[in-house]
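J.: Please see the structure below; I have some questions.
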Amino acid sequence: MKDKVVIVTGASSGIGEALVYAFAQMKCRVVIAARNGEKLKKISEDLSGQGHMAIPVVADVSKEIDCKRIIDTCIEKFETIDILINNAGISMRAAFIDLDLKVIHNLMDTNFWGTVYCTKYALPYILKNKGSIVGVSSIAGYQGLPGRTGYSASKSAMHGFLDTLRIEHLKEHLHVMIACPSFTSTNIRKTALNKDGHIQGESPRDESKMMTAEQVAVQIIKGIKKRKRTLIMTSKGKLIVFLNKMVPWFIDNQTYKAMANEPNSPIK
């Protein structure tokens with residue numbers, strides 16, 4: 001991995017930040033992108049003090065022009081791209097019947113279109129290197145989660161896009177991986193949108209029982225090294241995906257119960 005050029009979106013916190021530090025420790029050259037410029041600057045300066053290189057780009061991946069600027073900055077600095085990590089994402093929590101549709105637009109713009117835009121502009125360079133494109137997704141991309149229609153839809157769309165991209169470039173040895181952590185202790189639930197599009201503020205789940213961002217980052221990097229097609233990170237996640245194919249009615253019922261039992265659940 002030494003000297004590989006890596007782009008990480010959503011790099012200012014959570015899984016993205018953990019990936020940035022992990023790649024830097026492996027002597028990769030990293031471009032870090034997110035909306036929070038202050039946090040990016042802090043990460044970049046911290047890594048610079050450790051003798052690592054991380055180029056910050058303040059960008060909103062829901063905007064095509066910003067995504068192009070991320071790629072252009074990377075090429076300007078390093079002249080190539082080996083790995084693109086499409087990690088930027090937002091979540092939501094509300095019953096669809098109560099939902100302002102702008103919430104789903106926001107999720108699709110960031111989670112799906114952000115992946116499409118960044119991949120579009122990075123693809124020619126990654127193809128030259130037979131590199132890797134990674135989508136940081138969720139089990140929600142395989143099994144719909146009640147109260148999270150927009151999130152599940154955006155991750156399912158990401159899966160369809162990346163799976164098709166892999167097949168289109170099969171003969172060119174493009175590595176495309178969909179990485180699906182279980183619930184991870186990050187900021188994403190605190191910044192999840194409610195039915196009106198406002199930030200929810202508090203997580204409805206016990207964060208102490210979740211995977212850490214650092215654990216997820218380690219598994220993603222192992223998956224890249226092994227050029228895995230899909231990476232489902234927990235036994236429970238693998239079981240859900242398997243049973244969803246075999247006995248979907250059972251998983252639907254279990255998913256409903258789990259989501260309905262959350263504190264202040266929007267599902268009755």
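Each chain in the structure tokens gets a letter, A, B and so on, in the order shown; residues start at 1 in every chain, and ligands are counted from 1 in the order they appear.
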Any chance you could list, as a PyMOL selection string, the residues in range 27-119 of chain A that come up strand (DSSP E or B) when DSSP is run on the backbone?
T.: chain A and resi 29-34+54-58+83-86+92
J.: Determine, counting only C-alpha atoms, which protein, DNA and RNA residues have an atom within 12 Å of an atom of Leu239 in chain A; residues of the same chain fewer than 4 positions away are not included. Present the result as a PyMOL selection string.
T.: chain A and resi 139+142-143+182+232-235+243-248+251
J.: Would you mind listing what lies within 8 Å of range 5-16 of chain A as a VMD selection string, with only C-alpha atoms counted and same-chain residues fewer than 6 positions away left out?
T.: chain A and resid 23 28 to 36 39 to 40 43 61 74 78 80 to 89 185 to 188 213 to 214 216 to 217
J.: Any idea what the distance is between CA of Lys120 in chain A and CA of Glu64 in chain A?
T.: 9.8 Å
J.: Which one is closest to Lys222 in chain A: A:Ile167, A:Ala153, A:Ile199, A:Met177? Count only C-alpha atoms.
T.: A:Met177
J.: So that I can check the secondary structure, give me every residue of range 117-241 of chain A assigned helix (DSSP H, G or I) by backbone DSSP, as a PyMOL selection string.
T.: chain A and resi 117-128+139-141+149-168+170-172+207-209+213-225+235-241
J.: Given the selection you just returned, output its residues as a file containing C-alpha atoms, formatted as a short mmCIF file (atom, residue, chain, number, x, y, z; two decimals), in the first residue's frame.
T.:
data_model
loop_
_atom_site.label_atom_id
_atom_site.label_comp_id
_atom_site.auth_asym_id
_atom_site.auth_seq_id
_atom_site.Cartn_x
_atom_site.Cartn_y
_atom_site.Cartn_z
CA TYR A 117 -20.08 11.98 -9.20
CA CYS A 118 -16.79 11.09 -7.49
CA THR A 119 -16.58 7.76 -9.31
CA LYS A 120 -17.28 9.36 -12.69
CA TYR A 121 -14.32 11.74 -12.47
CA ALA A 122 -11.92 9.33 -10.73
CA LEU A 123 -12.63 6.29 -12.93
CA PRO A 124 -10.22 6.97 -15.85
CA TYR A 125 -7.27 7.27 -13.47
CA ILE A 126 -8.23 4.26 -11.36
CA LEU A 127 -8.67 2.12 -14.48
CA LYS A 128 -5.10 2.89 -15.54
CA ILE A 139 -26.94 -3.88 5.54
CA ALA A 140 -29.78 -1.43 4.77
CA GLY A 141 -28.70 -1.80 1.14
CA THR A 149 -36.72 4.55 3.73
CA GLY A 150 -34.43 7.19 2.24
CA TYR A 151 -31.32 5.63 3.73
CA SER A 152 -32.20 2.12 2.55
CA ALA A 153 -33.11 3.41 -0.91
CA SER A 154 -29.85 5.34 -1.27
CA LYS A 155 -27.72 2.37 -0.24
CA SER A 156 -29.64 -0.01 -2.54
CA ALA A 157 -29.05 2.44 -5.39
CA MET A 158 -25.35 2.57 -4.53
CA HIS A 159 -25.20 -1.24 -4.68
CA GLY A 160 -26.84 -1.36 -8.11
CA PHE A 161 -24.52 1.30 -9.48
CA LEU A 162 -21.30 -0.25 -8.16
CA ASP A 163 -22.25 -3.82 -9.07
CA THR A 164 -22.94 -2.74 -12.65
CA LEU A 165 -19.72 -0.73 -12.83
CA ARG A 166 -17.77 -3.81 -11.78
CA ILE A 167 -19.30 -5.88 -14.58
CA GLU A 168 -18.75 -3.17 -17.20
CA LEU A 170 -14.58 -6.85 -15.71
CA LYS A 171 -12.00 -7.26 -18.48
CA GLU A 172 -10.03 -4.26 -17.23
CA GLU A 207 -23.40 3.20 20.95
CA SER A 208 -21.27 1.17 23.39
CA LYS A 209 -22.42 -2.11 21.83
CA ALA A 213 -14.89 3.24 13.34
CA GLU A 214 -11.32 1.95 13.71
CA GLN A 215 -12.50 -1.67 13.55
CA VAL A 216 -14.43 -0.92 10.38
CA ALA A 217 -11.43 0.83 8.81
CA VAL A 218 -9.17 -2.18 9.44
CA GLN A 219 -11.65 -4.52 7.76
CA ILE A 220 -12.13 -2.23 4.75
CA ILE A 221 -8.38 -2.03 4.15
CA LYS A 222 -8.07 -5.82 4.44
CA GLY A 223 -10.90 -6.12 1.91
CA ILE A 224 -9.08 -3.79 -0.50
CA LYS A 225 -5.86 -5.78 -0.19
CA SER A 235 -21.90 -12.62 11.59
CA LYS A 236 -25.29 -11.06 12.25
CA GLY A 237 -25.06 -9.05 9.03
CA LYS A 238 -24.10 -12.11 7.00
CA LEU A 239 -27.00 -14.03 8.54
CA ILE A 240 -29.48 -11.25 7.70
CA VAL A 241 -28.37 -11.14 4.05
#
J.: I'd like the contact shell of Ser137 in chain A - 6 Å cut-off, only C-alpha atoms, skipping same-chain residues fewer than 2 positions apart - returned as a VMD selection string.
T.: chain A and resid 135 155 179 to 180
J.: Work out how far apart CA of Lys42 in chain A and CA of Ile71 in chain A are and give it in Å to one decimal.
T.: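 That distance, rounded to one decimal, is 21.2 Å.
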J.: Counting only C-alpha atoms, which residue out of A:Ala192, A:Ala22, A:Leu47, A:Cys67 sits closest to Asn106 in chain A?
T.: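 Of A:Ala192, A:Ala22, A:Leu47, A:Cys67, the one nearest Asn106 in chain A is A:Ala192, counting only C-alpha atoms.
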